[in-house]
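What's in coords.tsv: TSV, C-alpha atoms
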```tsv
chain	number	residue	atom	x	y	z
A	1	MET	CA	-51.87	62.56	-53.03
A	2	ILE	CA	-50.99	62.72	-49.36
A	3	LEU	CA	-47.78	61.31	-47.95
A	4	GLY	CA	-48.30	60.64	-44.25
A	5	PHE	CA	-46.03	59.29	-41.56
A	6	ASP	CA	-45.85	58.79	-37.83
A	7	SER	CA	-42.89	58.22	-35.53
A	8	ALA	CA	-44.21	59.86	-32.37
A	9	GLY	CA	-44.71	56.66	-30.41
A	10	LYS	CA	-43.47	53.09	-30.13
A	11	SER	CA	-44.41	52.28	-33.72
A	12	VAL	CA	-43.37	53.89	-36.97
A	13	SER	CA	-45.43	53.97	-40.16
A	14	ALA	CA	-45.74	55.64	-43.56
A	15	ALA	CA	-48.52	55.71	-46.15
A	16	VAL	CA	-49.53	57.24	-49.45
A	17	TYR	CA	-53.19	58.16	-49.65
A	18	ASP	CA	-55.28	59.20	-52.62
A	19	GLU	CA	-57.58	61.77	-51.01
A	20	LYS	CA	-59.80	62.15	-54.08
A	21	ASN	CA	-60.75	58.48	-54.18
A	22	ASN	CA	-60.23	57.85	-50.45
A	23	ILE	CA	-57.88	54.95	-51.05
A	24	CYS	CA	-54.64	54.10	-49.34
A	25	LEU	CA	-52.24	53.22	-52.15
A	26	ALA	CA	-49.44	51.84	-50.00
A	27	LYS	CA	-48.46	51.64	-46.37
A	28	ARG	CA	-45.70	50.31	-44.15
A	29	PHE	CA	-45.68	49.70	-40.41
A	30	ASN	CA	-42.98	48.67	-37.98
A	31	ILE	CA	-42.75	48.24	-34.23
A	32	GLY	CA	-40.18	47.03	-31.78
A	33	THR	CA	-36.95	48.02	-33.48
A	34	GLY	CA	-36.77	51.36	-31.66
A	35	THR	CA	-34.82	52.92	-34.50
A	36	HIS	CA	-37.34	55.24	-36.13
A	37	SER	CA	-34.53	57.44	-37.48
A	38	VAL	CA	-33.21	54.47	-39.48
A	39	THR	CA	-36.56	52.95	-40.46
A	40	LEU	CA	-38.71	55.89	-41.48
A	41	LEU	CA	-37.00	57.19	-44.61
A	42	PRO	CA	-36.71	53.74	-46.31
A	43	MET	CA	-40.40	53.23	-45.44
A	44	ILE	CA	-41.30	56.44	-47.25
A	45	ASP	CA	-39.21	55.30	-50.21
A	46	GLY	CA	-41.07	52.00	-50.08
A	47	VAL	CA	-44.58	53.47	-50.12
A	48	LEU	CA	-43.69	55.87	-52.92
A	49	SER	CA	-42.23	53.15	-55.15
A	50	GLU	CA	-45.08	50.73	-54.36
A	51	SER	CA	-47.58	53.35	-55.47
A	52	SER	CA	-45.38	54.30	-58.48
A	53	LEU	CA	-45.18	57.89	-57.33
A	54	LYS	CA	-42.41	60.44	-56.89
A	55	MET	CA	-42.20	63.25	-54.37
A	56	SER	CA	-43.33	65.62	-57.14
A	57	ASP	CA	-46.68	63.75	-57.24
A	58	ILE	CA	-47.30	64.45	-53.55
A	59	SER	CA	-49.51	67.45	-52.80
A	60	LEU	CA	-49.44	67.33	-49.00
A	61	ILE	CA	-47.19	65.90	-46.30
A	62	ALA	CA	-49.02	64.84	-43.14
A	63	VAL	CA	-47.06	64.14	-39.99
A	64	THR	CA	-47.85	63.46	-36.34
A	65	VAL	CA	-46.34	66.31	-34.33
A	66	GLY	CA	-46.95	64.84	-30.88
A	67	PRO	CA	-47.50	64.54	-28.08
A	68	GLY	CA	-45.30	61.50	-27.61
A	69	SER	CA	-41.67	60.46	-27.57
A	70	PHE	CA	-39.33	63.48	-27.64
A	71	THR	CA	-36.94	61.87	-30.11
A	72	GLY	CA	-39.71	60.32	-32.17
A	73	VAL	CA	-41.56	63.61	-32.57
A	74	ARG	CA	-38.35	65.35	-33.63
A	75	ILE	CA	-37.58	62.66	-36.20
A	76	GLY	CA	-41.02	62.97	-37.82
A	77	VAL	CA	-41.19	66.75	-37.76
A	78	SER	CA	-37.62	67.25	-39.05
A	79	LEU	CA	-38.17	64.78	-41.85
A	80	ALA	CA	-41.47	66.41	-42.83
A	81	LYS	CA	-39.78	69.82	-42.87
A	82	GLY	CA	-36.87	68.53	-44.96
A	83	LEU	CA	-39.09	66.84	-47.53
A	84	ALA	CA	-41.52	69.77	-47.68
A	85	ILE	CA	-38.79	72.37	-48.19
A	86	SER	CA	-36.96	70.39	-50.86
A	87	SER	CA	-40.14	69.58	-52.81
A	88	ASP	CA	-42.02	72.79	-52.01
A	89	ILE	CA	-45.05	70.96	-50.62
A	90	PRO	CA	-47.38	72.16	-47.84
A	91	VAL	CA	-47.57	70.20	-44.61
A	92	CYS	CA	-50.29	69.31	-42.17
A	93	ALA	CA	-49.61	68.83	-38.46
A	94	VAL	CA	-51.65	65.95	-37.07
A	95	SER	CA	-52.18	65.22	-33.39
A	96	SER	CA	-50.78	61.77	-32.58
A	97	MET	CA	-53.77	61.30	-30.26
A	98	GLU	CA	-56.25	62.01	-33.08
A	99	ALA	CA	-54.41	59.80	-35.56
A	100	ALA	CA	-54.55	56.94	-33.07
A	101	ALA	CA	-58.25	57.51	-32.36
A	102	LEU	CA	-59.09	57.34	-36.08
A	103	GLY	CA	-57.79	53.77	-36.04
A	104	VAL	CA	-60.82	52.59	-34.10
A	105	LEU	CA	-63.44	54.76	-35.78
A	106	SER	CA	-64.58	52.15	-38.32
A	107	CYS	CA	-65.58	49.69	-35.59
A	108	ALA	CA	-67.06	52.26	-33.17
A	109	SER	CA	-70.70	53.37	-32.98
A	110	ASP	CA	-72.17	56.83	-32.59
A	111	GLY	CA	-71.90	57.95	-28.98
A	112	ASP	CA	-68.91	55.75	-28.19
A	113	VAL	CA	-66.01	57.40	-26.40
A	114	ILE	CA	-62.50	56.80	-27.76
A	115	LEU	CA	-59.56	57.54	-25.50
A	116	SER	CA	-56.06	57.79	-26.99
A	117	VAL	CA	-53.23	57.19	-24.55
A	118	SER	CA	-49.46	57.11	-24.78
A	119	ASP	CA	-47.14	56.41	-21.84
A	120	ALA	CA	-45.60	59.60	-20.40
A	121	ARG	CA	-43.97	57.64	-17.51
A	122	ARG	CA	-44.76	57.40	-13.83
A	123	GLU	CA	-48.41	56.48	-14.37
A	124	ARG	CA	-49.03	59.56	-16.52
A	125	PHE	CA	-50.28	59.48	-20.09
A	126	TYR	CA	-50.48	61.80	-23.03
A	127	ASN	CA	-54.16	61.60	-23.80
A	128	ALA	CA	-57.19	63.00	-25.55
A	129	ALA	CA	-60.77	61.77	-25.71
A	130	PHE	CA	-63.19	61.82	-28.60
A	131	THR	CA	-66.77	60.86	-29.10
A	132	VAL	CA	-68.17	59.39	-32.28
A	133	LYS	CA	-70.73	61.66	-33.92
A	134	ASN	CA	-72.26	60.85	-37.31
A	135	GLY	CA	-69.37	58.52	-38.05
A	136	SER	CA	-66.73	61.19	-37.33
A	137	LEU	CA	-64.59	62.04	-34.34
A	138	ALA	CA	-65.67	64.93	-32.13
A	139	ARG	CA	-62.95	65.99	-29.72
A	140	LEU	CA	-63.92	66.12	-26.04
A	141	TYR	CA	-60.75	67.85	-24.80
A	142	ASP	CA	-57.34	68.98	-26.02
A	143	ASP	CA	-54.26	66.76	-25.96
A	144	CYS	CA	-52.79	66.82	-22.46
A	145	VAL	CA	-50.66	64.86	-20.03
A	146	LEU	CA	-52.41	63.52	-16.93
A	147	HIS	CA	-52.08	60.89	-14.22
A	148	TYR	CA	-54.22	57.86	-15.08
A	149	THR	CA	-56.53	58.48	-12.10
A	150	ASP	CA	-57.31	61.98	-13.42
A	151	ILE	CA	-58.06	60.54	-16.85
A	152	CYS	CA	-60.42	58.01	-15.27
A	153	ASN	CA	-62.29	60.90	-13.62
A	154	LYS	CA	-62.38	62.87	-16.86
A	155	VAL	CA	-63.94	60.35	-19.23
A	156	TYR	CA	-67.32	58.78	-18.67
A	157	GLY	CA	-69.23	55.77	-19.90
A	158	ASN	CA	-67.83	52.83	-21.79
A	159	VAL	CA	-64.55	53.83	-23.28
A	160	ILE	CA	-62.50	52.26	-26.06
A	161	ILE	CA	-58.79	52.72	-25.38
A	162	ILE	CA	-56.33	53.07	-28.23
A	163	GLY	CA	-52.71	54.16	-28.52
A	164	ASP	CA	-49.41	52.57	-27.56
A	165	GLY	CA	-50.13	53.20	-23.87
A	166	ALA	CA	-53.45	51.28	-24.00
A	167	GLU	CA	-52.22	48.06	-22.38
A	168	LEU	CA	-50.44	49.87	-19.57
A	169	PHE	CA	-53.39	52.19	-18.98
A	170	ILE	CA	-55.86	49.31	-18.73
A	171	SER	CA	-53.58	47.38	-16.37
A	172	LEU	CA	-53.40	50.43	-14.09
A	173	ALA	CA	-57.02	51.58	-14.35
A	174	ASP	CA	-58.40	48.02	-13.98
A	175	ASN	CA	-61.97	49.08	-14.66
A	176	ALA	CA	-64.55	47.15	-16.66
A	177	ARG	CA	-65.74	50.27	-18.49
A	178	PHE	CA	-62.42	50.46	-20.34
A	179	SER	CA	-61.86	48.11	-23.26
A	180	LYS	CA	-58.76	47.92	-25.40
A	181	ALA	CA	-59.02	48.42	-29.15
A	182	GLU	CA	-57.99	45.45	-31.24
A	183	ASN	CA	-55.04	47.19	-32.84
A	184	ILE	CA	-53.73	49.89	-30.54
A	185	PHE	CA	-50.99	51.36	-32.74
A	186	THR	CA	-51.12	54.39	-35.00
A	187	ASP	CA	-51.26	53.69	-38.70
A	188	ALA	CA	-50.00	56.34	-41.13
A	189	GLU	CA	-53.15	55.86	-43.23
A	190	ASN	CA	-55.02	57.51	-40.37
A	191	VAL	CA	-52.48	60.33	-40.30
A	192	CYS	CA	-53.42	60.98	-43.95
A	193	LYS	CA	-57.14	60.79	-43.16
A	194	ALA	CA	-56.75	63.29	-40.31
A	195	ALA	CA	-54.86	65.62	-42.66
A	196	LYS	CA	-57.73	65.65	-45.14
A	197	LYS	CA	-59.67	67.77	-42.67
A	198	GLY	CA	-56.62	69.46	-41.15
A	199	GLU	CA	-55.06	72.81	-41.82
A	200	LYS	CA	-52.41	73.04	-44.54
A	201	THR	CA	-49.43	75.14	-43.66
A	202	SER	CA	-45.91	75.89	-44.86
A	203	SER	CA	-43.03	73.86	-43.50
A	204	ASP	CA	-41.61	76.78	-41.48
A	205	LYS	CA	-44.86	76.88	-39.46
A	206	LEU	CA	-44.64	73.20	-38.60
A	207	LEU	CA	-43.76	72.78	-34.92
A	208	PRO	CA	-43.47	69.81	-32.60
A	209	VAL	CA	-45.98	69.53	-29.74
A	210	TYR	CA	-44.25	68.52	-26.53
A	211	LEU	CA	-46.82	69.81	-24.02
A	212	GLY	CA	-43.98	71.39	-22.12
A	213	LEU	CA	-41.38	74.10	-22.52
A	214	SER	CA	-37.64	73.57	-22.63
A	215	GLN	CA	-35.42	75.37	-20.15
A	216	ALA	CA	-34.36	77.88	-22.84
A	217	GLU	CA	-37.96	78.58	-23.88
A	218	ARG	CA	-39.05	78.93	-20.25
A	219	GLU	CA	-36.26	81.36	-19.44
A	220	LEU	CA	-37.06	83.40	-22.54
A	221	LYS	CA	-40.71	83.55	-21.53
A	222	GLU	CA	-39.80	84.62	-17.96
A	223	LYS	CA	-37.46	87.27	-19.37
A	224	SER	CA	-40.10	88.60	-21.78
A	225	ALA	CA	-42.66	88.79	-18.95
A	226	LYS	CA	-40.41	91.10	-16.91
B	1	MET	CA	-28.48	45.88	1.20
B	2	GLU	CA	-25.32	47.91	1.68
B	3	LYS	CA	-21.78	47.13	0.51
B	4	ARG	CA	-18.61	49.11	1.15
B	5	PHE	CA	-15.42	48.97	-0.88
B	6	ILE	CA	-12.05	50.72	-0.73
B	7	SER	CA	-10.43	51.70	-4.03
B	8	ASN	CA	-6.84	52.88	-4.45
B	9	SER	CA	-7.02	53.81	-8.14
B	10	PRO	CA	-9.45	54.49	-11.02
B	11	LYS	CA	-8.74	50.94	-12.24
B	12	GLU	CA	-9.78	49.48	-8.88
B	13	THR	CA	-12.93	51.64	-8.95
B	14	ALA	CA	-13.75	50.22	-12.39
B	15	ASP	CA	-13.04	46.67	-11.20
B	16	ILE	CA	-15.39	47.14	-8.24
B	17	ALA	CA	-18.13	48.35	-10.62
B	18	ALA	CA	-17.52	45.37	-12.93
B	19	SER	CA	-17.84	42.99	-9.98
B	20	LEU	CA	-21.26	44.49	-9.18
B	21	VAL	CA	-22.42	43.52	-12.66
B	22	SER	CA	-21.03	39.99	-12.46
B	23	ASP	CA	-22.63	39.34	-9.03
B	24	LYS	CA	-25.93	40.84	-10.35
B	25	THR	CA	-26.05	43.67	-7.80
B	26	VAL	CA	-26.49	45.82	-10.91
B	27	LYS	CA	-28.54	44.27	-13.69
B	28	LYS	CA	-30.73	45.10	-16.68
B	29	GLY	CA	-33.56	47.44	-15.67
B	30	ASP	CA	-31.60	49.05	-12.82
B	31	PHE	CA	-31.22	52.77	-12.20
B	32	VAL	CA	-27.81	53.49	-10.66
B	33	ALA	CA	-27.75	56.85	-8.86
B	34	LEU	CA	-24.14	58.02	-8.58
B	35	THR	CA	-22.97	60.68	-6.15
B	36	GLY	CA	-19.48	61.97	-5.51
B	37	ASP	CA	-17.42	65.13	-5.91
B	38	LEU	CA	-15.75	66.20	-9.13
B	39	GLY	CA	-12.91	63.76	-9.79
B	40	ALA	CA	-14.25	61.16	-7.36
B	41	GLY	CA	-14.31	58.54	-10.09
B	42	LYS	CA	-17.95	58.40	-11.23
B	43	THR	CA	-16.97	58.03	-14.89
B	44	ALA	CA	-14.37	55.38	-13.97
B	45	PHE	CA	-17.17	53.56	-12.15
B	46	VAL	CA	-19.43	53.64	-15.23
B	47	ARG	CA	-16.50	52.45	-17.36
B	48	GLY	CA	-16.32	49.48	-14.99
B	49	LEU	CA	-20.06	48.81	-15.35
B	50	VAL	CA	-19.69	48.71	-19.14
B	51	ALA	CA	-16.61	46.47	-18.88
B	52	GLY	CA	-18.55	44.22	-16.50
B	53	ILE	CA	-21.40	43.91	-18.99
B	54	PHE	CA	-18.94	42.83	-21.70
B	55	CYS	CA	-17.31	40.25	-19.38
B	56	THR	CA	-20.63	38.92	-18.06
B	57	TYR	CA	-22.92	39.05	-21.10
B	58	GLY	CA	-20.55	39.31	-24.08
B	59	GLY	CA	-21.59	41.47	-27.03
B	60	LYS	CA	-19.56	44.50	-28.05
B	61	ASP	CA	-16.94	45.95	-25.72
B	62	LYS	CA	-17.85	49.63	-25.39
B	63	THR	CA	-15.52	50.34	-22.47
B	64	ASP	CA	-13.34	52.73	-24.44
B	65	GLU	CA	-16.36	54.82	-25.46
B	66	VAL	CA	-17.19	55.76	-21.87
B	67	LEU	CA	-16.75	59.50	-21.38
B	68	SER	CA	-18.19	62.01	-18.95
B	69	PRO	CA	-21.63	63.18	-20.13
B	70	THR	CA	-21.24	66.61	-18.51
B	71	PHE	CA	-21.75	68.42	-21.81
B	72	SER	CA	-23.71	65.85	-23.80
B	73	ILE	CA	-26.03	65.18	-20.77
B	74	MET	CA	-26.51	61.63	-22.01
B	75	ASN	CA	-24.16	59.06	-23.52
B	76	ILE	CA	-25.56	55.74	-24.67
B	77	TYR	CA	-23.30	52.69	-24.85
B	78	GLU	CA	-25.03	50.03	-26.97
B	79	SER	CA	-23.50	46.97	-25.36
B	80	ALA	CA	-25.19	43.59	-24.62
B	81	VAL	CA	-27.14	45.52	-21.98
B	82	PRO	CA	-27.28	49.16	-23.14
B	83	VAL	CA	-26.02	51.68	-20.60
B	84	TRP	CA	-27.53	55.17	-20.52
B	85	HIS	CA	-24.89	57.31	-18.83
B	86	CYS	CA	-26.47	60.61	-17.77
B	87	ASP	CA	-25.38	63.79	-16.03
B	88	PHE	CA	-28.41	65.72	-14.78
B	89	TYR	CA	-26.45	68.67	-13.36
B	90	ARG	CA	-28.16	71.11	-15.75
B	91	ILE	CA	-31.62	69.55	-15.53
B	92	ARG	CA	-34.11	71.61	-13.58
B	93	GLY	CA	-37.33	69.71	-13.74
B	94	GLU	CA	-39.76	67.47	-15.53
B	95	ASP	CA	-39.82	69.35	-18.85
B	96	ASP	CA	-36.03	69.56	-19.01
B	97	LEU	CA	-35.76	65.84	-18.39
B	98	TYR	CA	-38.25	65.10	-21.17
B	99	MET	CA	-36.27	67.34	-23.55
B	100	THR	CA	-33.13	65.25	-23.03
B	101	GLY	CA	-34.90	62.26	-24.59
B	102	PHE	CA	-34.37	60.34	-21.35
B	103	TYR	CA	-37.92	58.99	-21.43
B	104	ASP	CA	-37.27	57.39	-24.80
B	105	CYS	CA	-35.23	54.67	-23.16
B	106	ASP	CA	-36.97	51.39	-22.45
B	107	GLU	CA	-36.24	51.39	-18.72
B	108	ASN	CA	-36.64	47.61	-18.43
B	109	GLU	CA	-34.05	46.89	-21.10
B	110	VAL	CA	-31.16	49.18	-20.10
B	111	ILE	CA	-29.04	50.16	-17.14
B	112	VAL	CA	-29.26	53.86	-16.32
B	113	ALA	CA	-26.14	55.27	-14.62
B	114	ALA	CA	-27.08	58.76	-13.49
B	115	GLU	CA	-24.93	61.49	-12.03
B	116	TRP	CA	-26.72	64.35	-10.25
B	117	SER	CA	-29.94	62.34	-10.02
B	118	GLU	CA	-30.71	64.46	-6.93
B	119	ASN	CA	-31.86	67.05	-9.52
B	120	ILE	CA	-34.58	64.66	-10.74
B	121	PRO	CA	-35.86	63.02	-7.50
B	122	PHE	CA	-39.26	62.49	-9.14
B	123	ALA	CA	-37.71	60.19	-11.74
B	124	VAL	CA	-35.51	58.08	-9.45
B	125	PRO	CA	-37.23	54.73	-8.88
B	126	LYS	CA	-37.57	53.32	-5.36
B	127	SER	CA	-35.59	50.30	-6.50
B	128	ALA	CA	-32.56	52.43	-7.48
B	129	VAL	CA	-29.01	51.32	-6.63
B	130	PHE	CA	-27.27	54.22	-4.86
B	131	VAL	CA	-23.51	54.52	-5.29
B	132	ASN	CA	-21.57	57.12	-3.34
B	133	ILE	CA	-17.88	57.66	-3.95
B	134	CYS	CA	-15.90	59.75	-1.45
B	135	GLY	CA	-12.36	60.17	-0.26
B	136	SER	CA	-9.24	62.16	-0.89
B	137	GLY	CA	-5.87	61.64	-2.53
B	138	THR	CA	-6.00	58.34	-4.40
B	139	VAL	CA	-8.11	56.47	-1.84
B	140	ARG	CA	-11.87	56.23	-2.32
B	141	GLU	CA	-14.61	54.68	-0.25
B	142	ILE	CA	-17.42	53.34	-2.42
B	143	THR	CA	-20.77	52.68	-0.75
B	144	VAL	CA	-23.38	50.74	-2.68
B	145	SER	CA	-26.90	50.56	-1.23
B	146	LYS	CA	-30.21	49.26	-2.44
B	147	LYS	CA	-33.62	49.00	-0.72
```

Let me see the structure of the file written as structure tokens.
Amino acid sequence: MILGFDSAGKSVSAAVYDEKNNICLAKRFNIGTGTHSVTLLPMIDGVLSESSLKMSDISLIAVTVGPGSFTGVRIGVSLAKGLAISSDIPVCAVSSMEAAALGVLSCASDGDVILSVSDARRERFYNAAFTVKNGSLARLYDDCVLHYTDICNKVYGNVIIIGDGAELFISLADNARFSKAENIFTDAENVCKAAKKGEKTSSDKLLPVYLGLSQAERELKEKSAK
Amino acid sequence: MEKRFISNSPKETADIAASLVSDKTVKKGDFVALTGDLGAGKTAFVRGLVAGIFCTYGGKDKTDEVLSPTFSIMNIYESAVPVWHCDFYRIRGEDDLYMTGFYDCDENEVIVAAEWSENIPFAVPKSAVFVNICGSGTVREITVSKK
């Protein structure tokens, strides 16, 4: 059983997924309250009780580690670490871009390009693009942060846009080859699905992905380079 | 737009700030860039903004919670219009700003009152309200400008 959750963007969600039978046993989703730190843990409680499971029944914790909201990423990663340490469960770090892209996979065709975007302010977006190959996602480039014009020059063909920055991206890019996915938000069920193929690791190896270094980290790196 | 005020005390500085909220010079979605020497009254000004929000829009009175964010970098006062009170003195660039959690605010729903915003020129919107406080002794000249 996989317990998955996401709080890296505007929405917050949690799910329990039976990976042997490929069934989502329970899931919760919330958007608009802006209080992921308050919402997430009761959601996890909710999905566990709805699926009549305890933490001891969970074999893997899957969490989106970014890129995305600084606070949101920290909430998800800290919670995953806390739960994993206390229950001695491995974790799987999932890219928030990949988890979002999986949300559109079932209605995409082979060869389609899926672009995940999340607002990084000032017309820049966290993004990653995937193509659909034999019903699975094949990554075209790593998660990165780019100005929308650079993203437009990076992805070709007809592109399905997903992620909580989709509406903003389409309003800026204003190009007929971009179409918005029906539901743009990340669902924790897809975090679990991504983790099925992801790498299991111990909680101490789980790190947030910010796509940038803090002042302290930068100074340490400069010091080490000398 | 440019307005000039003379203040003779921290209370008058706060009252001037509150009047800017009630006459809508400062409103939800605004970025207020504050400049002024140490002790000029920037925190007193923000206290006035928060008091003005309570008087104009109701909600909870968070005036007494207003403190200098020099060490915390960011204080958030969850009033009828939330105020994000920031001190960017120690912020050196884009990554640092991201690491403060500043980008997690919904810029259209809050008022940002930023000290040392000259350290983050890339993040100051063109529509910002600039407030400069200068003077000596107990007298301050407060200049408020907006493009």

Need to verify the contact set: A:Val113, 9 Å, all atoms listed in the file, exclusion of same-chain residues closer than 3 positions in sequence. Can you return it as JSON, numbers by chain?
{"A": [108, 110, 129, 130, 131, 132, 140, 155, 156, 157, 158, 159, 160, 161]}

Tell me which of A:Val94, A:Ser136, A:Asn175, A:Glu219 sits closest to chain B, counting only C-alpha atoms.
A:Glu219

Taking into account only C-alpha atoms, which residue in the set B:Arg4, B:Phe54, B:Pro82, B:Asp87 is nearest to B:Ser68?
B:Asp87

If we count all atoms listed in the file and set the cut-off at 8 Å, which residues sit around stretch 96-105 of chain A, ignoring sequence neighbours fewer than 5 positions away in its own chain? Please answer as an NGL selection string.
:A and (6 or 8 or 64-68 or 114-117 or 126-128 or 130 or 132 or 135-137 or 143 or 162-163 or 181 or 183-188 or 190-191 or 194)

Tell me the residues of chain B close to chain A, meaning within 7 Å using only C-alpha atoms, as number ranges by chain.
B: 95-96, 98-99, 101, 104

Please write the residues from the selection above to a file, keeping C-alpha atoms, as a PDB file, keeping the file's coordinate frame.
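Contents of result-v3.pdb, as written:
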```pdb
ATOM      1  CA  ASP B  95     -39.820  69.350 -18.850  1.00  0.00           C
ATOM      2  CA  ASP B  96     -36.030  69.560 -19.010  1.00  0.00           C
ATOM      3  CA  TYR B  98     -38.250  65.100 -21.170  1.00  0.00           C
ATOM      4  CA  MET B  99     -36.270  67.340 -23.550  1.00  0.00           C
ATOM      5  CA  GLY B 101     -34.900  62.260 -24.590  1.00  0.00           C
ATOM      6  CA  ASP B 104     -37.270  57.390 -24.800  1.00  0.00           C
TER       7      ASP B 104
END
```

Residues near A:Leu3, anyone? I mean within 7 Å using all atoms listed in the file, not counting same-chain ones fewer than 2 positions away, as a count of residues only.
10

Separation of atom CA of B:Ile91 from atom CA of B:Ala44 in Å:
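Distance reported for this atom pair: 22.4 Å.
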
Hey, can you check how far atom CA of B:Val129 sits from atom CA of B:Leu34?
8.5 Å

Go ahead and find all residues with at least one atom no further than 10 Å from (-33.0, 65.4, -14.1) in the file's coordinates, using all atoms listed in the file; report them as a list in words.
Ile73, Cys86, Asp87, Phe88, Tyr89, Arg90, Ile91, Arg92, Gly93, Glu94, Asp95, Asp96, Leu97, Tyr98, Thr100, Phe102, Ala114, Glu115, Trp116, Ser117, Glu118, Asn119, Ile120, Pro121, Phe122, Ala123 and Val124 of chain B

Nearest residue to B:Val50 out of B:Ile76, B:Val131, B:Ile6, B:Ala33, using only C-alpha atoms?
B:Ile76

Residue rebuild result stretch 134-145 of chain B, N, CA and C atoms as a PDB file, in the coordinates of the input:
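Full text of part-v4.pdb as output:
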```
ATOM      1  N   CYS B 134     -16.523  58.625  -2.160  1.00  0.00           N
ATOM      2  CA  CYS B 134     -15.900  59.750  -1.450  1.00  0.00           C
ATOM      3  C   CYS B 134     -14.481  59.395  -1.053  1.00  0.00           C
ATOM      4  N   GLY B 135     -13.731  60.403  -0.661  1.00  0.00           N
ATOM      5  CA  GLY B 135     -12.360  60.170  -0.260  1.00  0.00           C
ATOM      6  C   GLY B 135     -11.459  61.273  -0.751  1.00  0.00           C
ATOM      7  N   SER B 136     -10.188  61.158  -0.432  1.00  0.00           N
ATOM      8  CA  SER B 136      -9.240  62.160  -0.890  1.00  0.00           C
ATOM      9  C   SER B 136      -7.952  61.477  -1.326  1.00  0.00           C
ATOM     10  N   GLY B 137      -7.080  62.239  -1.989  1.00  0.00           N
ATOM     11  CA  GLY B 137      -5.870  61.640  -2.530  1.00  0.00           C
ATOM     12  C   GLY B 137      -6.235  60.591  -3.554  1.00  0.00           C
ATOM     13  N   THR B 138      -5.659  59.400  -3.434  1.00  0.00           N
ATOM     14  CA  THR B 138      -6.000  58.340  -4.400  1.00  0.00           C
ATOM     15  C   THR B 138      -6.956  57.320  -3.797  1.00  0.00           C
ATOM     16  N   VAL B 139      -7.248  57.474  -2.503  1.00  0.00           N
ATOM     17  CA  VAL B 139      -8.110  56.470  -1.840  1.00  0.00           C
ATOM     18  C   VAL B 139      -9.580  56.902  -1.885  1.00  0.00           C
ATOM     19  N   ARG B 140     -10.434  55.946  -2.255  1.00  0.00           N
ATOM     20  CA  ARG B 140     -11.870  56.230  -2.320  1.00  0.00           C
ATOM     21  C   ARG B 140     -12.632  55.174  -1.523  1.00  0.00           C
ATOM     22  N   GLU B 141     -13.701  55.641  -0.866  1.00  0.00           N
ATOM     23  CA  GLU B 141     -14.610  54.680  -0.250  1.00  0.00           C
ATOM     24  C   GLU B 141     -15.875  54.661  -1.116  1.00  0.00           C
ATOM     25  N   ILE B 142     -16.242  53.480  -1.550  1.00  0.00           N
ATOM     26  CA  ILE B 142     -17.420  53.340  -2.420  1.00  0.00           C
ATOM     27  C   ILE B 142     -18.510  52.619  -1.637  1.00  0.00           C
ATOM     28  N   THR B 143     -19.643  53.294  -1.477  1.00  0.00           N
ATOM     29  CA  THR B 143     -20.770  52.680  -0.750  1.00  0.00           C
ATOM     30  C   THR B 143     -21.888  52.397  -1.746  1.00  0.00           C
ATOM     31  N   VAL B 144     -22.312  51.151  -1.770  1.00  0.00           N
ATOM     32  CA  VAL B 144     -23.380  50.740  -2.680  1.00  0.00           C
ATOM     33  C   VAL B 144     -24.576  50.308  -1.834  1.00  0.00           C
ATOM     34  N   SER B 145     -25.723  50.946  -2.036  1.00  0.00           N
ATOM     35  CA  SER B 145     -26.900  50.560  -1.230  1.00  0.00           C
ATOM     36  C   SER B 145     -28.130  50.427  -2.109  1.00  0.00           C
TER      37      SER B 145
END
```
